Structures are given as C-alpha cells and as structure tokens.
file upload_8.cif (mmCIF, C-alpha atoms)
data_work
#
loop_
_atom_site.label_atom_id
_atom_site.label_comp_id
_atom_site.auth_asym_id
_atom_site.auth_seq_id
_atom_site.Cartn_x
_atom_site.Cartn_y
_atom_site.Cartn_z
CA MET A 16 48.20 76.04 -5.67
CA SER A 17 50.89 74.18 -7.57
CA GLU A 18 52.90 74.22 -4.33
CA ASP A 19 50.09 72.33 -2.57
CA ILE A 20 49.98 69.70 -5.30
CA SER A 21 53.70 69.35 -5.11
CA ASP A 22 53.53 68.94 -1.33
CA HIS A 23 50.78 66.39 -1.79
CA ASP A 24 52.91 64.40 -4.20
CA LEU A 25 55.92 64.59 -1.95
CA VAL A 26 53.94 63.33 1.03
CA ARG A 27 52.41 60.51 -1.01
CA ALA A 28 55.83 59.52 -2.31
CA PHE A 29 57.25 59.53 1.21
CA LEU A 30 54.41 57.39 2.48
CA ASN A 31 55.09 54.98 -0.38
CA GLY A 32 58.63 54.54 0.92
CA ASP A 33 60.53 57.21 -1.00
CA GLU A 34 62.86 58.60 1.68
CA THR A 35 64.23 61.31 -0.62
CA SER A 36 60.80 62.97 -0.60
CA PHE A 37 61.32 63.74 3.06
CA ASN A 38 64.58 65.49 2.22
CA LYS A 39 62.77 67.52 -0.44
CA ILE A 40 60.02 68.56 1.97
CA ILE A 41 62.57 69.66 4.55
CA ASN A 42 64.70 71.48 1.99
CA LYS A 43 61.62 73.40 0.95
CA TYR A 44 60.71 74.58 4.46
CA LYS A 45 64.04 74.45 6.32
CA ASN A 46 64.58 78.24 6.37
CA LYS A 47 61.11 78.99 7.68
CA ILE A 48 61.44 76.24 10.32
CA TYR A 49 64.85 77.42 11.47
CA TRP A 50 64.17 81.15 11.60
CA HIS A 51 60.89 80.78 13.44
CA ALA A 52 62.61 78.57 16.03
CA ARG A 53 65.59 80.95 16.14
CA ARG A 54 63.46 84.05 16.79
CA MET A 55 61.44 82.20 19.40
CA THR A 56 64.41 80.78 21.29
CA GLY A 57 66.82 83.68 20.71
CA ASN A 58 69.97 81.75 19.81
CA HIS A 59 71.32 79.25 17.32
CA LEU A 60 71.97 76.30 19.65
CA ASP A 61 68.46 76.25 21.09
CA ALA A 62 66.98 76.80 17.63
CA ASP A 63 68.96 73.84 16.31
CA GLU A 64 67.59 71.65 19.09
CA VAL A 65 64.02 72.70 18.24
CA VAL A 66 64.66 72.13 14.52
CA GLN A 67 65.92 68.57 15.12
CA GLU A 68 62.88 67.89 17.27
CA VAL A 69 60.57 69.30 14.58
CA LEU A 70 62.17 67.13 11.90
CA LEU A 71 61.65 64.07 14.07
CA VAL A 72 57.97 64.93 14.59
CA ILE A 73 57.47 65.56 10.86
CA TYR A 74 59.20 62.27 10.02
CA THR A 75 57.16 60.20 12.45
CA LYS A 76 53.79 61.96 12.10
CA LEU A 77 53.71 62.49 8.37
CA LYS A 78 51.78 59.22 8.00
CA ASP A 79 48.93 60.87 9.96
CA PHE A 80 48.82 63.95 7.73
CA ARG A 81 45.37 64.04 6.10
CA PHE A 82 45.70 67.15 3.89
CA LYS A 83 43.02 68.96 5.87
CA SER A 84 45.34 71.95 5.85
CA SER A 85 48.33 72.82 3.69
CA LEU A 86 51.57 71.03 4.52
CA TYR A 87 53.11 74.43 5.29
CA THR A 88 50.39 75.16 7.89
CA TRP A 89 50.84 71.69 9.40
CA ILE A 90 54.61 72.07 9.63
CA PHE A 91 54.29 75.59 10.98
CA ARG A 92 51.96 74.38 13.72
CA ILE A 93 54.56 71.80 14.74
CA VAL A 94 57.31 74.43 14.79
CA SER A 95 55.18 76.80 16.83
CA THR A 96 54.16 74.16 19.40
CA ARG A 97 57.66 72.73 19.74
CA SER A 98 59.20 76.18 20.14
CA LEU A 99 56.76 77.08 22.94
CA ASN A 100 57.34 73.69 24.61
CA TYR A 101 61.08 74.22 24.41
CA LEU A 102 60.78 77.67 26.01
CA ARG A 103 58.71 76.16 28.82
CA LYS A 104 61.31 73.44 29.38
CA ARG A 105 64.11 75.99 29.28
CA SER A 106 62.48 78.26 31.87
CA LEU A 107 61.83 75.21 34.10
CA ARG A 108 65.47 74.21 33.75
CA LYS A 109 66.50 77.70 34.85
CA VAL A 110 64.19 77.58 37.88
CA PHE A 111 65.37 74.19 39.09
CA SER A 112 68.99 74.56 38.06
CA PHE A 113 71.55 74.80 40.84
CA ASP A 114 74.29 75.58 38.37
CA ASP A 115 76.03 78.87 37.95
CA PRO A 116 73.57 81.25 36.17
CA ALA A 117 76.48 82.46 34.06
CA ALA A 118 76.56 78.99 32.50
CA ASP A 119 73.19 79.74 30.88
CA ILE A 120 74.64 82.54 28.80
CA VAL A 121 74.86 81.23 25.27
CA ASP A 122 78.10 81.50 23.42
CA GLY A 123 77.51 84.02 20.63
CA ASN A 124 80.23 82.42 18.52
CA GLU A 125 77.98 79.43 17.93
CA ASP A 126 76.03 80.91 15.06
CA ILE A 127 75.33 80.37 11.42
CA ILE A 128 75.66 84.03 10.44
CA ASN A 129 78.83 84.60 8.46
CA ASP A 130 78.90 88.38 8.37
CA PHE A 131 80.17 89.94 11.61
CA GLU A 132 78.01 93.11 11.47
CA MET A 133 74.94 91.14 10.54
CA LYS A 134 75.62 88.68 13.33
CA GLU A 135 75.68 91.54 15.84
CA LYS A 136 72.48 92.99 14.46
CA ILE A 137 70.62 89.69 14.48
CA GLN A 138 71.81 88.89 17.99
CA LYS A 139 70.59 92.32 19.11
CA ILE A 140 67.17 91.63 17.57
CA ASP A 141 67.19 88.20 19.25
CA LYS A 142 67.73 89.94 22.61
CA PHE A 143 64.88 92.39 22.04
CA LEU A 144 62.54 89.59 21.06
CA GLN A 145 63.48 87.60 24.15
CA LYS A 146 62.24 90.47 26.31
CA LEU A 147 58.69 89.93 25.04
CA PRO A 148 56.45 87.38 26.75
CA ALA A 149 56.34 84.15 24.68
CA LYS A 150 52.78 84.65 23.40
CA GLN A 151 53.43 88.24 22.30
CA ARG A 152 56.71 87.18 20.76
CA GLU A 153 55.02 84.40 18.80
CA VAL A 154 52.38 86.71 17.31
CA PHE A 155 54.96 89.40 16.61
CA ILE A 156 57.18 86.92 14.74
CA MET A 157 54.32 85.44 12.77
CA ARG A 158 53.03 88.87 11.82
CA ASN A 159 56.26 90.76 11.27
CA TYR A 160 58.55 88.06 9.83
CA ASP A 161 56.38 85.25 8.54
CA GLU A 162 53.85 87.83 7.28
CA LEU A 163 50.85 85.73 8.21
CA SER A 164 47.35 87.18 8.46
CA TYR A 165 45.49 87.11 11.76
CA GLU A 166 43.17 84.47 10.31
CA GLU A 167 46.14 82.22 9.50
CA ILE A 168 47.71 82.79 12.91
CA SER A 169 44.37 82.02 14.53
CA LYS A 170 44.19 78.71 12.64
CA LEU A 171 47.73 77.85 13.64
CA THR A 172 47.51 78.75 17.29
CA GLY A 173 43.80 78.22 17.97
CA LYS A 174 43.58 81.71 19.54
CA SER A 175 40.88 84.31 18.83
CA ILE A 176 41.72 87.07 16.35
CA GLY A 177 40.88 89.75 18.96
CA GLY A 178 43.34 88.22 21.43
CA LEU A 179 46.02 87.97 18.77
CA LYS A 180 45.58 91.62 17.78
CA ALA A 181 45.89 92.68 21.42
CA ASN A 182 49.03 90.54 21.83
CA TYR A 183 50.58 91.99 18.69
CA PHE A 184 49.77 95.55 19.74
CA HIS A 185 51.43 95.10 23.14
CA GLY A 186 54.36 93.28 21.54
CA VAL A 187 55.06 96.04 19.00
CA ASN A 188 54.64 98.72 21.62
CA LYS A 189 57.21 97.02 23.85
CA ILE A 190 59.67 96.50 20.99
CA LEU A 191 59.43 100.15 19.97
CA GLU A 192 60.04 101.26 23.55
CA LEU A 193 63.03 98.93 23.85
CA MET A 194 64.47 100.28 20.61
CA LYS A 195 63.90 103.84 21.80
CA ASP A 196 65.73 103.11 25.07
CA TYR A 197 68.56 101.48 23.15
CA GLU A 198 68.92 104.48 20.82
CA ASN A 199 68.89 106.94 23.74
CA ARG A 200 71.80 105.22 25.51
CA MET B 254 57.67 111.19 24.33
CA LYS B 255 55.06 108.44 24.41
CA ILE B 256 54.42 106.31 21.36
CA ASP B 257 51.18 107.18 19.63
CA LYS B 258 49.19 103.93 19.71
CA ARG B 259 47.44 104.84 16.49
CA ILE B 260 50.72 104.41 14.62
CA ILE B 261 50.85 100.74 15.59
CA LEU B 262 47.19 100.20 14.71
CA TYR B 263 47.63 101.99 11.40
CA LEU B 264 50.78 100.07 10.43
CA ASP B 265 49.10 96.81 11.38
CA ASN B 266 46.03 97.67 9.34
CA GLN B 267 43.77 97.40 12.37
CA MET B 268 41.80 100.62 11.74
CA ASN B 269 38.42 100.84 10.08
CA ASP B 270 37.95 103.21 7.14
CA GLU B 271 36.79 106.13 9.27
CA GLU B 272 39.68 105.82 11.76
CA ARG B 273 42.15 105.43 8.93
CA LYS B 274 40.94 108.52 7.14
CA SER B 275 41.00 110.60 10.30
CA PHE B 276 44.55 109.44 11.13
CA GLU B 277 45.84 110.12 7.61
CA ASP B 278 44.37 113.67 7.77
CA GLU B 279 46.17 114.30 11.06
CA LEU B 280 49.36 112.80 9.68
CA SER B 281 49.38 115.22 6.77
CA LYS B 282 48.83 118.20 9.08
CA SER B 283 51.16 117.35 12.00
CA SER B 284 54.85 117.18 11.22
CA GLU B 285 55.56 115.84 14.70
CA LEU B 286 53.17 112.94 14.21
CA SER B 287 54.49 112.41 10.72
CA ASN B 288 58.09 112.23 11.98
CA GLN B 289 57.15 109.85 14.75
CA PHE B 290 55.23 107.70 12.29
CA GLN B 291 58.17 107.55 9.89
CA HIS B 292 60.61 106.77 12.67
CA TYR B 293 58.65 103.83 14.07
CA LYS B 294 57.92 102.54 10.60
CA ASN B 295 61.67 102.51 9.95
CA VAL B 296 62.38 100.87 13.29
CA LEU B 297 59.96 98.03 12.56
CA GLN B 298 61.36 97.74 9.07
CA SER B 299 64.90 97.54 10.45
CA LEU B 300 63.91 94.45 12.42
CA LYS B 301 63.22 92.68 9.16
CA VAL B 302 66.57 91.43 8.01
CA ASN B 303 67.18 89.18 5.06
CA GLU B 304 69.23 86.77 7.13
CA GLN B 305 69.38 84.11 4.46
CA ARG B 306 71.93 86.15 2.52
CA PHE B 307 74.36 85.96 5.42
CA THR B 308 73.82 82.46 6.72
CA ASN B 309 76.25 79.60 6.51
CA GLU B 310 74.55 77.29 4.03
CA ASP B 311 76.51 74.31 5.36
CA TYR B 312 74.17 74.23 8.33
CA PHE B 313 71.12 73.82 6.11
CA ILE B 314 72.88 71.37 3.79
CA ASN B 315 73.78 69.18 6.77
CA LEU B 316 70.41 69.52 8.47
CA VAL B 317 68.79 66.39 7.05
CA PRO B 318 71.95 64.22 7.14
CA LYS B 319 72.42 65.19 10.79
CA PHE B 320 68.80 64.28 11.50
CA ARG B 321 69.15 60.92 9.74
CA GLU B 322 72.29 60.22 11.73
CA THR B 323 70.39 60.92 14.96
CA ILE B 324 67.62 58.54 13.90
CA LEU B 325 70.19 55.87 13.11
CA VAL B 326 71.88 56.28 16.49
CA ASN B 327 68.48 56.13 18.23
CA LYS B 328 67.59 52.98 16.31
CA LYS B 329 70.92 51.40 17.25
CA SER B 330 70.57 52.31 20.90
CA PHE B 331 67.01 50.91 20.81
CA LYS B 332 68.35 47.67 19.35
CA ILE B 333 71.08 47.52 21.99
CA LYS B 334 68.57 48.20 24.75
CA THR B 335 66.25 45.50 23.38
CA ALA B 336 69.11 43.02 23.11
CA PHE B 337 70.20 43.85 26.64
CA ALA B 338 66.67 43.41 27.97
CA LEU B 339 66.27 40.07 26.19
CA THR B 340 69.63 38.85 27.51
CA ALA B 341 68.65 39.87 31.04
CA VAL B 342 65.32 38.03 30.76
CA ALA B 343 67.04 34.91 29.37
CA SER B 344 69.64 34.99 32.17
CA ALA B 345 66.91 35.34 34.79
CA ALA B 346 65.05 32.39 33.26
CA ILE B 347 68.21 30.23 33.35
CA VAL B 348 68.90 31.17 36.98
CA LEU B 349 65.33 30.31 37.93
CA LEU B 350 65.53 27.04 36.06
CA PHE B 351 68.72 25.81 37.75
CA PHE B 352 68.62 27.53 41.14
CA ASN B 353 64.93 27.76 41.71
CA PRO B 354 64.53 29.48 45.07
CA PHE B 355 60.88 28.46 45.15
CA GLN B 356 61.73 24.78 44.75
CA THR B 357 60.79 22.52 47.75
CA SER B 358 63.70 21.63 50.03
CA GLU B 359 65.55 18.28 50.00
CA ASN B 360 63.94 17.26 53.30
CA ASN B 361 60.57 17.67 51.73
CA SER B 362 61.73 15.56 48.81
CA ALA B 363 62.90 12.82 51.26
CA ASP B 364 59.55 13.01 53.01
CA LYS B 365 57.85 12.54 49.68
CA ILE B 366 60.02 9.45 48.91
CA ILE B 367 59.38 7.92 52.33
CA SER B 368 55.64 8.49 51.99
CA THR B 369 55.69 6.34 48.84
CA LEU B 370 57.33 3.36 50.69
CA ASN B 371 55.40 0.64 52.42
CA GLU B 372 56.11 -0.22 56.08
CA THR B 373 58.61 -3.04 55.40
CA GLU B 374 60.64 -0.94 52.98
CA ALA B 375 60.70 1.96 55.44
CA VAL B 376 61.94 -0.29 58.30
CA GLU B 377 64.64 -1.77 56.05
CA ILE B 378 65.88 1.66 55.05
CA LEU B 379 65.87 2.91 58.66
CA ASP B 380 67.78 -0.20 59.81
CA TYR B 381 70.31 0.25 57.02
CA TYR B 382 70.99 3.90 57.86
CA SER B 383 70.95 3.37 61.68
CA ASN B 384 73.71 0.70 61.64
CA GLY B 385 76.51 3.21 61.70
CA LEU B 386 74.94 5.52 64.26
CA SER B 387 76.05 3.71 67.50
CA THR B 388 79.81 3.30 67.27
CA ILE B 389 80.71 3.59 71.01
CA ASN B 390 81.04 0.19 72.68
CA ASN B 391 80.09 -0.52 76.27
CA GLU B 392 83.69 -0.54 77.56
CA GLN B 393 84.32 2.92 76.19
CA LEU B 394 81.00 4.09 77.61
CA ASN B 395 81.84 2.70 81.10
CA GLY B 396 85.22 4.36 81.10
CA TYR B 397 83.70 7.62 80.04
CA SER B 398 80.90 7.45 82.64
CA ASP B 399 83.48 6.46 85.36
CA SER B 400 85.52 9.52 84.67
CA LEU B 401 82.40 11.74 84.61
CA PHE B 402 81.06 10.42 87.89
CA SER B 403 84.50 10.51 89.55
CA ASP B 404 84.94 14.17 88.64
CA LEU B 405 81.51 15.03 89.98
CA ILE B 406 82.11 13.19 93.27
CA TYR B 407 85.58 14.71 93.79
CA SER B 408 84.19 18.11 93.14
CA GLU B 409 81.30 17.55 95.53
CA LEU B 410 83.64 16.32 98.27
CA ASN B 411 86.07 19.22 97.73
CA LEU B 412 88.99 16.83 97.29
CA GLU B 413 92.38 18.14 96.18
CA GLU B 414 94.33 16.60 93.33
CA THR B 415 96.62 14.79 95.78
CA ASP B 416 93.60 13.36 97.58
CA ILE B 417 92.20 12.24 94.27
CA ASN B 418 95.39 10.43 93.44
CA TRP B 419 95.39 8.87 96.89
CA VAL B 420 91.77 7.81 96.70
CA VAL B 421 92.18 6.39 93.24
CA SER B 422 95.46 4.63 93.88
CA ALA B 423 94.80 3.51 97.51
CA GLU B 424 91.30 2.24 97.33
CA GLU B 425 90.92 1.53 93.61
CA ILE B 426 87.43 2.83 93.73
CA SER B 427 85.43 2.00 90.68
CA ILE B 428 81.91 3.01 89.86
CA GLU B 429 80.81 -0.66 89.94
CA ASN B 430 82.06 -0.97 93.54
CA ILE B 431 80.16 2.13 94.58
CA TYR B 432 77.00 0.88 92.88
CA SER B 433 77.25 -2.45 94.61
CA GLU B 434 77.64 -0.90 98.07
CA ILE B 435 74.80 1.64 97.74
CA LYS B 436 71.27 0.65 98.71
CA PRO B 437 68.52 1.39 96.22
CA GLU B 438 67.01 4.10 98.57
CA GLU B 439 70.42 5.79 98.84
CA ALA B 440 70.87 5.56 95.10
CA ASP B 441 67.50 7.29 94.63
CA ILE B 442 68.52 10.09 97.02
CA ILE B 443 71.89 10.55 95.25
CA TYR B 444 70.21 10.40 91.91
CA ASN B 445 67.65 13.09 92.90
CA GLU B 446 70.37 15.26 94.42
CA ILE B 447 72.41 15.03 91.25
CA LEU B 448 69.35 15.91 89.18
CA ASN B 449 68.56 18.95 91.33
CA LYS B 450 72.14 20.12 91.60
CA LYS B 451 72.95 23.20 89.59
CA PHE B 452 76.45 22.62 88.21
CA PHE B 453 76.69 25.85 86.24
#

call {"tool": "encode", "arguments": {"input": "upload_8.cif", "output": "structure tokens"}}
result
Amino acid sequence: MSEDISDHDLVRAFLNGDETSFNKIINKYKNKIYWHARRMTGNHLDADEVVQEVLLVIYTKLKDFRFKSSLYTWIFRIVSTRSLNYLRKRSLRKVFSFDDPAADIVDGNEDIINDFEMKEKIQKIDKFLQKLPAKQREVFIMRNYDELSYEEISKLTGKSIGGLKANYFHGVNKILELMKDYENR
Amino acid sequence: MKIDKRIILYLDNQMNDEERKSFEDELSKSSELSNQFQHYKNVLQSLKVNEQRFTNEDYFINLVPKFRETILVNKKSFKIKTAFALTAVASAAIVLLFFNPFQTSENNSADKIISTLNETEAVEILDYYSNGLSTINNEQLNGYSDSLFSDLIYSELNLEETDINWVVSAEEISIENIYSEIKPEEADIIYNEILNKKFF
C-alpha cells in the first residue's frame, strides 16, 4: 500500500516538474521492465530497444496516468504491449528482409550477464522461450517469472482467464517437452 | 514417456479440491508418477534464475542517462528540422517575391501603360519610337532591288557569268531602262509570272 502512495507522490512530483522523480520511478521498476522485455525478445539488444521505447512512452504518457490502476500495472501493460509490438515488427522485418539470414543471429557477447555459466544458462532459457508462440510465451513469463495471478494477467492483457489458463498449459507443456528433448541429446 | 497433464494443472493450482485430492492420493501411491512430478517441478524451478545477482549493474545505472541523451538528441534533431523547414519556406517566399513566375509579362505591362494614354500621347510615342525603324535610303534600296531583279532575270534566261558581264558592261542595262521600255500589260504578265514562279 505504501508503495502505491510512494508511486502516487513520485508521479505528482514529476508532473509538477521534478525530473528526478522520473529517475526514481524507473530505478524502482527497471529490473522488471528489462527482464520482461528480455524474456519476450530473447536477447539483450532487442530487450534494450524495447526498454528505451518503454521509457519514452512512460515519460510522455505519464501526464495521462489517472491512478485507476497501480503504477506498476500501468507500466507493465506498456512493457507487455511494446514487447509484443516489437516481436511483430521483428518478424515482419525477417519476412521482408533480403539480407543474409545469418545476419539476424544475435551476437551472444552483447549481454549484461557477467558470469559465463549463468550467461549460457540464461541464453539457453531465452532460446526455449523463443520457441513458444508469443501469446503462450507472454502468459508463461507473467506466471512463472513475474508471479502474477490469472486475474492480474487478465487485467493487463484484456484476455479471459480461461484463455490464459489454456495458453499457460500449452506453454508449460511445450517447455517441458523441449527440456526433455534437450536432456535426452 | 508422455507428460502427465495433471502435473501441470496441479503445479499451476488449476485443480478443484476433488481433483487435487484424487491426484495427491495417486501421487502418494505411484512412485513413477511421483518421480515424474518431482522431475518436472525441478525443471520448471530451474527456469527461474535469479539473474539480478549476475547482471552488469552499469547497464541499469546508465539506463536513464542513456534515455535522457536520446531525448536530447531527438529534441535537437527536431529543432534542426524545424529550422531547416523555416529556412526553406523563407527562401521560397523570397524567390516568389523577386522572381514571381505568376507575374504578368512585360508586354502585358506595356499594354496596360498604353491603355492609360490618350490618342495624342499614343501617336507621339509611336512616332518617337518609329523614327529609327527605316534606316535604308532610296538609293540603297534601288541598288539592292537592281541586283535582286538582275539575278532573277539572268537565272531565268540561263545566262552564263561571261554573258552576264557582257550584258552588264555592253548594254548598261538598268532596271529603270527596262521599266521604261515595258508596257503596262507586259509588266502585269511579268509580274504575275514572277509571283507564280516557284524559286525553291
């Protein structure tokens, strides 16, 4: 509850011209923003692009924020929408690109993970997640990593709870099968 | 071996009380199901990594400054674009002002000036500008017409250059002499023949 009040104050301060309040808001949610975008896009460079876009939207649209939901929910909705839009743009780029397909392979060295073993593990998880359809991936990430309830996810995405449960079920099933195949290699 | 779907539903808390109880009973009795359950639970758990412990914090520290820098660059480029657009508009306005392509031509302007003059003024101006138009005097004109007519006649009579010299030097034919010796009817015939003759 105190978090909401704090968010409220930060937003008010920002709207009154205090630019540092924006920094504080972003510092508070930067990890959640980044990792959601990272899991959705599957690599650091794309995630960074989504994050910069999200910050721009937050910065320009914060004046329209009416506190009808929590700031976290509002920001999360922006991250979710922008990530899906980015994936759409990226798949369109791949379809209409005449470039060498090998050029699309992202350089794994461009990452923010310091530890080598951890980097490998996270990049492996990124690859598994990328094999899920975007909608299943989104629900899986929100459920498994962001630990949101179906009601919260439904509010964020505007989808029915039944549909979300079905998407999550298929998503988990596919991930488990992928992991099984990987282990049996 | 296929994944038991009930494991996913159970782990996701999607079972009602009755289903849950029934599954838990089976789980306690079947070691195979229990092993499978434990395995998939571990697999899903292994996907949850505390990445924040291993991330380069510099990225997050520089996140907002990088964003602000982008905004600044965008603002600058917007200013430059606006300045460029304004300059282009101003240049276009200057060009239109000085070299107006829609402006009426000079002839039209002269027409307008003439239309404002009364008859006397117009005649005076026309007289003034027509003085220099006729600069060829009658002597020059006669000489020129002599040569023109002589050439035409020599050509018509198929005379050679030597004959021309002879005719000119021997008889001293001049156009006035020819005129004086030709009757008006003959002159009309010659005149009509010359008019109908195709020289080219």

call {"tool": "interface_residues", "arguments": {"input": "upload_8.cif", "of": "chain B", "to": "chain A", "cutoff": "8 Å", "atoms": "only C-alpha atoms", "output": "JSON, numbers by chain"}}
result
{"B": [256, 258, 261, 262, 293, 296, 297, 300, 301, 302, 304, 305, 307, 308, 309, 312, 313, 317, 320]}

call {"tool": "closest_residue", "arguments": {"input": "upload_8.cif", "among": "A:Ala181, A:Lys170, A:Ser36, A:Arg105", "to": "A:Lys83", "atoms": "only C-alpha atoms"}}
result
A:Lys170

call {"tool": "atom_distance", "arguments": {"input": "upload_8.cif", "atom1": "atom CA of B:Asp311", "atom2": "atom CA of A:Gly32"}}
result
27.0 Å

call {"tool": "atom_distance", "arguments": {"input": "upload_8.cif", "atom1": "atom CA of A:Glu64", "atom2": "atom CA of A:Ile93"}}
result
13.7 Å

call {"tool": "residues_near_point", "arguments": {"input": "upload_8.cif", "point": "(50.6, 80.5, 8.8)", "cutoff": "7 Å", "atoms": "all atoms listed in the file", "output": "MDAnalysis selection string"}}
result
chainID A and resid 88 91 163 167:168 171

call {"tool": "write_last_selection", "arguments": {"input": "upload_8.cif", "atoms": "C-alpha atoms", "output": "PDB file, keeping the file's coordinate frame"}}
result
ATOM      1  CA  THR A  88      50.390  75.160   7.890  1.00  0.00           C
ATOM      2  CA  PHE A  91      54.290  75.590  10.980  1.00  0.00           C
ATOM      3  CA  LEU A 163      50.850  85.730   8.210  1.00  0.00           C
ATOM      4  CA  GLU A 167      46.140  82.220   9.500  1.00  0.00           C
ATOM      5  CA  ILE A 168      47.710  82.790  12.910  1.00  0.00           C
ATOM      6  CA  LEU A 171      47.730  77.850  13.640  1.00  0.00           C
TER       7      LEU A 171
END

call {"tool": "atom_distance", "arguments": {"input": "upload_8.cif", "atom1": "atom CA of A:Arg97", "atom2": "atom CA of B:Lys334"}}
result
27.3 Å

call {"tool": "resolve_selection", "arguments": {"input": "upload_8.cif", "expression": "the PyMOL selection byres ((chain A and resi 172) around 12)", "output": "ChimeraX atom specification"}}
result
/A:88-89,91-96,99,150,153-154,157,163,165-171,173-176,178-179

call {"tool": "closest_residue", "arguments": {"input": "upload_8.cif", "among": "A:Phe155, A:Tyr101, A:Tyr197, A:Phe80", "to": "A:Thr56", "atoms": "only C-alpha atoms"}}
result
A:Tyr101

call {"tool": "axis_aligned_box", "arguments": {"input": "upload_8.cif", "around": "stretch 155-171 of chain A", "padding_each_side": "4 Å", "output": "AutoDock Vina command-line options"}}
result
--center_x 50.9 --center_y 84.3 --center_z 11.9 --size_x 23.4 --size_y 20.9 --size_z 17.3
